[in-house]
Structures are given as structure tokens and as C-alpha cells.
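Undergrad: This one is query_37.cif, mmCIF, C-alpha atoms.
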data_coords
#
loop_
_atom_site.label_atom_id
_atom_site.label_comp_id
_atom_site.auth_asym_id
_atom_site.auth_seq_id
_atom_site.Cartn_x
_atom_site.Cartn_y
_atom_site.Cartn_z
CA MET A 204 0.00 0.00 0.00
CA ASN A 205 1.33 3.44 -0.92
CA ARG A 206 1.50 6.40 1.41
CA ILE A 207 -0.67 9.29 0.20
CA THR A 208 -0.42 12.94 1.19
CA SER A 209 -3.12 15.60 1.46
CA PHE A 210 -3.04 19.15 0.09
CA PRO A 211 -2.07 22.46 1.67
CA PRO A 212 -4.96 24.40 3.19
CA ILE A 213 -7.05 26.85 1.18
CA VAL A 214 -7.02 29.71 3.69
CA ASP A 215 -6.29 33.42 3.91
CA GLU A 216 -6.51 36.27 6.41
CA ASN A 217 -10.24 36.71 5.70
CA SER A 218 -11.20 33.10 6.47
CA ARG A 219 -13.88 32.99 9.18
CA ILE A 220 -14.83 29.33 9.09
CA LEU A 221 -12.82 26.18 8.43
CA ILE A 222 -14.29 23.12 6.71
CA LEU A 223 -12.31 19.97 7.43
CA GLY A 224 -12.52 16.73 5.50
CA SER A 225 -10.67 13.56 6.38
CA MET A 226 -8.35 12.81 3.43
CA PRO A 227 -8.74 13.47 -0.31
CA GLY A 228 -10.04 10.53 -2.30
CA ALA A 229 -8.20 8.89 -5.20
CA LYS A 230 -9.76 11.15 -7.88
CA SER A 231 -8.96 14.30 -5.86
CA LEU A 232 -5.36 13.16 -5.37
CA GLN A 233 -5.05 12.35 -9.06
CA MET A 234 -6.39 15.78 -10.07
CA GLN A 235 -4.78 17.64 -7.14
CA GLN A 236 -8.11 19.29 -6.32
CA TYR A 237 -10.30 19.21 -3.25
CA TYR A 238 -13.48 17.18 -3.82
CA ALA A 239 -12.72 16.35 -7.48
CA PHE A 240 -14.84 13.16 -7.56
CA PRO A 241 -17.90 14.26 -9.60
CA GLN A 242 -20.38 12.37 -7.38
CA ASN A 243 -19.13 14.09 -4.22
CA GLN A 244 -21.68 16.80 -3.43
CA PHE A 245 -19.32 19.29 -1.73
CA TRP A 246 -19.09 21.81 -4.57
CA LYS A 247 -22.77 21.48 -5.47
CA ILE A 248 -23.59 22.32 -1.86
CA MET A 249 -21.15 25.27 -1.76
CA PHE A 250 -22.57 26.83 -4.92
CA GLN A 251 -26.14 26.46 -3.65
CA LEU A 252 -25.24 27.79 -0.19
CA PHE A 253 -23.71 30.93 -1.64
CA GLU A 254 -26.31 31.28 -4.40
CA ALA A 255 -23.83 31.12 -7.25
CA GLU A 256 -24.04 29.44 -10.62
CA PHE A 257 -22.41 26.00 -10.45
CA SER A 258 -19.05 25.64 -12.14
CA GLU A 259 -16.74 22.72 -12.86
CA ASP A 260 -13.78 25.11 -13.04
CA TYR A 261 -11.54 24.62 -10.00
CA LYS A 262 -10.32 28.24 -9.90
CA THR A 263 -13.95 29.40 -9.88
CA ARG A 264 -14.69 26.96 -7.06
CA LEU A 265 -11.76 28.22 -4.97
CA HIS A 266 -12.75 31.83 -5.65
CA LEU A 267 -16.28 31.07 -4.40
CA ILE A 268 -15.14 29.76 -1.03
CA LYS A 269 -12.48 32.44 -0.53
CA LYS A 270 -14.96 35.19 -1.43
CA ASN A 271 -17.26 33.78 1.26
CA ASN A 272 -14.51 33.59 3.92
CA VAL A 273 -14.37 29.79 3.94
CA ALA A 274 -11.12 27.90 4.54
CA LEU A 275 -10.72 24.29 3.46
CA TRP A 276 -8.37 21.56 4.68
CA ASP A 277 -8.19 17.95 5.83
CA VAL A 278 -7.44 16.56 9.28
CA ILE A 279 -5.07 13.92 7.91
CA GLU A 280 -1.72 15.00 6.45
CA SER A 281 -0.76 11.55 5.17
CA CYS A 282 -1.81 7.93 5.49
CA GLU A 283 -1.86 4.58 3.79
CA ARG A 284 -5.09 3.74 2.01
CA LYS A 285 -6.36 1.52 -0.77
CA GLY A 286 -9.01 3.33 -2.79
CA SER A 287 -10.95 6.26 -1.33
CA LEU A 288 -12.84 4.91 1.68
CA ASP A 289 -12.24 6.45 5.11
CA THR A 290 -12.58 2.96 6.58
CA GLU A 291 -9.44 1.93 4.64
CA ILE A 292 -7.25 4.68 6.19
CA LYS A 293 -4.28 3.28 8.10
CA ASP A 294 -1.17 4.69 9.78
CA GLU A 295 -2.39 8.28 9.64
CA ILE A 296 -0.40 11.40 10.50
CA ASP A 297 -2.47 14.45 11.44
CA HIS A 298 -2.24 17.98 10.10
CA ASP A 299 -1.31 20.76 12.53
CA ILE A 300 -4.85 22.11 13.00
CA PRO A 301 -3.92 24.09 16.19
CA GLY A 302 -1.08 25.73 14.25
CA LEU A 303 -3.43 26.73 11.43
CA MET A 304 -5.91 28.13 13.94
CA ALA A 305 -3.17 30.10 15.72
CA SER A 306 -1.96 31.62 12.46
CA HIS A 307 -5.52 32.45 11.32
CA PRO A 308 -7.28 33.88 14.40
CA ASN A 309 -10.26 35.10 12.33
CA ILE A 310 -11.48 31.50 12.05
CA GLN A 311 -14.34 31.29 14.54
CA THR A 312 -15.98 27.94 13.77
CA ILE A 313 -14.85 24.57 12.46
CA PHE A 314 -17.22 22.44 10.37
CA CYS A 315 -16.40 18.77 9.87
CA ASN A 316 -17.38 17.12 6.60
CA GLY A 317 -18.41 13.80 8.12
CA GLN A 318 -17.75 11.73 11.22
CA LYS A 319 -14.17 10.65 10.41
CA ALA A 320 -13.01 14.28 10.19
CA HIS A 321 -14.77 15.02 13.49
CA LYS A 322 -13.33 12.00 15.29
CA ASN A 323 -9.80 12.85 14.16
CA LEU A 324 -10.22 16.54 14.98
CA LEU A 325 -11.24 15.77 18.56
CA LYS A 326 -8.18 13.53 18.88
CA ILE A 327 -5.94 16.35 17.56
CA LEU A 328 -7.44 19.15 19.67
CA GLY A 329 -8.10 17.30 22.88
CA LYS A 330 -10.64 18.64 25.37
CA ASP A 331 -9.18 22.12 25.97
CA PHE A 332 -10.22 23.78 22.76
CA ASN A 333 -12.74 26.61 22.88
CA ILE A 334 -14.00 27.02 19.35
CA PRO A 335 -17.37 25.72 18.11
CA ILE A 336 -17.09 22.47 16.17
CA VAL A 337 -20.05 21.38 14.05
CA VAL A 338 -20.36 17.95 12.45
CA LEU A 339 -22.12 17.95 9.09
CA PRO A 340 -23.26 14.99 7.01
CA SER A 341 -20.52 13.82 4.68
CA THR A 342 -20.74 15.08 1.10
CA SER A 343 -19.47 11.69 -0.06
CA PRO A 344 -21.82 9.75 -2.34
CA LEU A 345 -21.42 6.84 0.09
CA HIS A 346 -23.23 8.85 2.76
CA THR A 347 -26.75 8.08 1.61
CA VAL A 348 -28.60 11.06 3.07
CA LYS A 349 -30.61 12.73 0.30
CA PHE A 350 -29.04 15.84 -1.24
CA ASP A 351 -31.78 18.23 -0.06
CA GLU A 352 -31.36 17.00 3.50
CA LYS A 353 -27.58 17.44 3.33
CA LEU A 354 -28.00 20.92 1.89
CA GLU A 355 -30.42 21.86 4.67
CA ARG A 356 -27.93 20.72 7.33
CA TRP A 357 -25.05 22.53 5.60
CA LYS A 358 -27.00 25.82 5.62
CA VAL A 359 -25.69 26.30 9.18
CA ILE A 360 -22.50 27.53 7.50
CA ARG A 361 -24.27 30.47 5.89
CA ALA A 362 -26.02 31.27 9.16
CA ASP A 363 -22.68 31.16 10.98
CA LEU A 364 -21.05 33.50 8.47
CA SER A 365 -23.95 35.98 8.66
CA GLY A 366 -23.85 35.92 12.47
CA THR A 367 -27.38 34.58 12.93
#
Give the structure from this file in C-alpha cells form.

TA:
Amino acid sequence: MNRITSFPPIVDENSRILILGSMPGAKSLQMQQYYAFPQNQFWKIMFQLFEAEFSEDYKTRLHLIKKNNVALWDVIESCERKGSLDTEIKDEIDHDIPGLMASHPNIQTIFCNGQKAHKNLLKILGKDFNIPIVVLPSTSPLHTVKFDEKLERWKVIRADLSGT
């Protein structure tokens, strides 16, 4: 089994929320893009949340999240994994989430894209971390919650950004 490595964070000084996934899937690693697998609903959700016309163009996608003060990263820096399933992740090394948070103090809330990201984040942060952490249903096609239900749950991001 080969060791795979995640991407650098998409973050800047205006980022107010951080969305954390677990580890990019095979298609994302191949294309070197977050959530590149067409059946993953992450980008569809982002475009609907921010009321923008959907685009397949990766630069347009990154512009959308940056414009809306969203940072994007994964909890796992590297691991061994066959395929794309979180259940196949072995021998993981975590990203320095506390370091990212310290260098980007404008980030006020962390949203986890699925349970694996949440479980790993809690392991990384421990109990003495005082920032809201929200677990959202995974945007993976394997997470069989209907799209409209996922979208409804993900709307908490827009509410968080607007301060309501």
C-alpha cells in the first residue's frame, strides 16, 4: 500500500470558518483538487449555499469559497489507504490544525465534513479547545442522506457567516 499525502490548506486572512474533510479521495489526489470526484456533493452544496451558478472550473470553485470567507483543509496530512474509503485509512499522521488556527485567528468555527473528520479533529485538539465544532453529514456519495437534507444541514455555515 502506498503512502498518500493531502493538500495544503485553502485559507487566507479573511477566512472565518474552516471546513475539514478527512483525506482526499483517489480522484482528488489524481487531479490535485479538493473534492474532485464528480459524485461528491461538496461543490454542489457550496454553490447552492452561496447562491452562485455552479461551475466545474476549479479556480472558480476556490474563488467562491475564498470570497465567502471559507477555509478548506483535511485533518489527515498523510496515510496509507487503498481506494478512497475512510474505513481503509491506516497509519495516519495528522495535520497541525492548532497551528493553522493560531496563524488564522479570524477563524471562529470549524465544520467537519463527516464523522471521520470530526473524530480525528477531537483527537488532535483534545478537550481544551474553545471554538465551536459542528459535524455535518458527509458530502461523499457513500453517505446516503438525500441531497436536499444534506443541503439543509449545511446551511448552518451560511447562518454562521452571517452571524445569525

Undergrad: My list of candidates is A:Arg361, A:Lys326, A:His321, A:Arg356. Which is closest to Leu223 of chain A when distances are computed with all atoms listed in the file?

TA: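 Closest to Leu223 of chain A of all the choices is A:His321.
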
Undergrad: Would you please work out which residue, of A:Tyr261, A:Phe250, A:Phe350, A:Tyr238, is nearest to Asp277 of chain A when using only C-alpha atoms?

TA: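 For Asp277 of chain A, the nearest of the candidates is A:Tyr238.
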
Undergrad: Which one is closest to Leu221 of chain A: A:Phe253, A:Trp357, A:Phe332, A:Phe314? Count all atoms listed in the file.

TA: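 Residue with the minimum atom-to-atom distance to Leu221 of chain A: A:Phe314.
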
Undergrad: Just to confirm, what's the straight-line distance from atom CA of Phe245 of chain A to atom CA of Lys353 of chain A in Å (one decimal)?

TA: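 Atom CA of Lys353 of chain A lies at a distance of 9.9 Å from atom CA of Phe245 of chain A.
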
Undergrad: Evaluate the PyMOL selection byres ((chain A and resi 281) around 12) against this structure - the residues, as a ChimeraX atom specification, please.

TA: /A:205-211,225-228,232,277-280,282-284,292-299

Undergrad: Calculate how many Å separate atom CA of Lys247 of chain A from atom CA of Gln311 of chain A, rounding to one decimal.

TA: 23.8 Å

Undergrad: Closest to Ile327 of chain A among A:Gly286, A:Gly224, A:Pro212, A:Pro301, using all atoms listed in the file?

TA: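 The closest residue to Ile327 of chain A is A:Pro301.
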
Undergrad: What gap, in Å, lies between atom CA of Lys269 of chain A and atom CA of Phe257 of chain A?

TA: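 Atom-to-atom, atom CA of Lys269 of chain A and atom CA of Phe257 of chain A are spaced 15.4 Å apart.
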
Undergrad: Can you pull out every residue within 6 Å of segment 338-346 of chain A, counting only C-alpha atoms, but drop anything in the same chain fewer than 4 positions away, and send it as a PyMOL selection string?

TA: chain A and resi 242-245+314-317
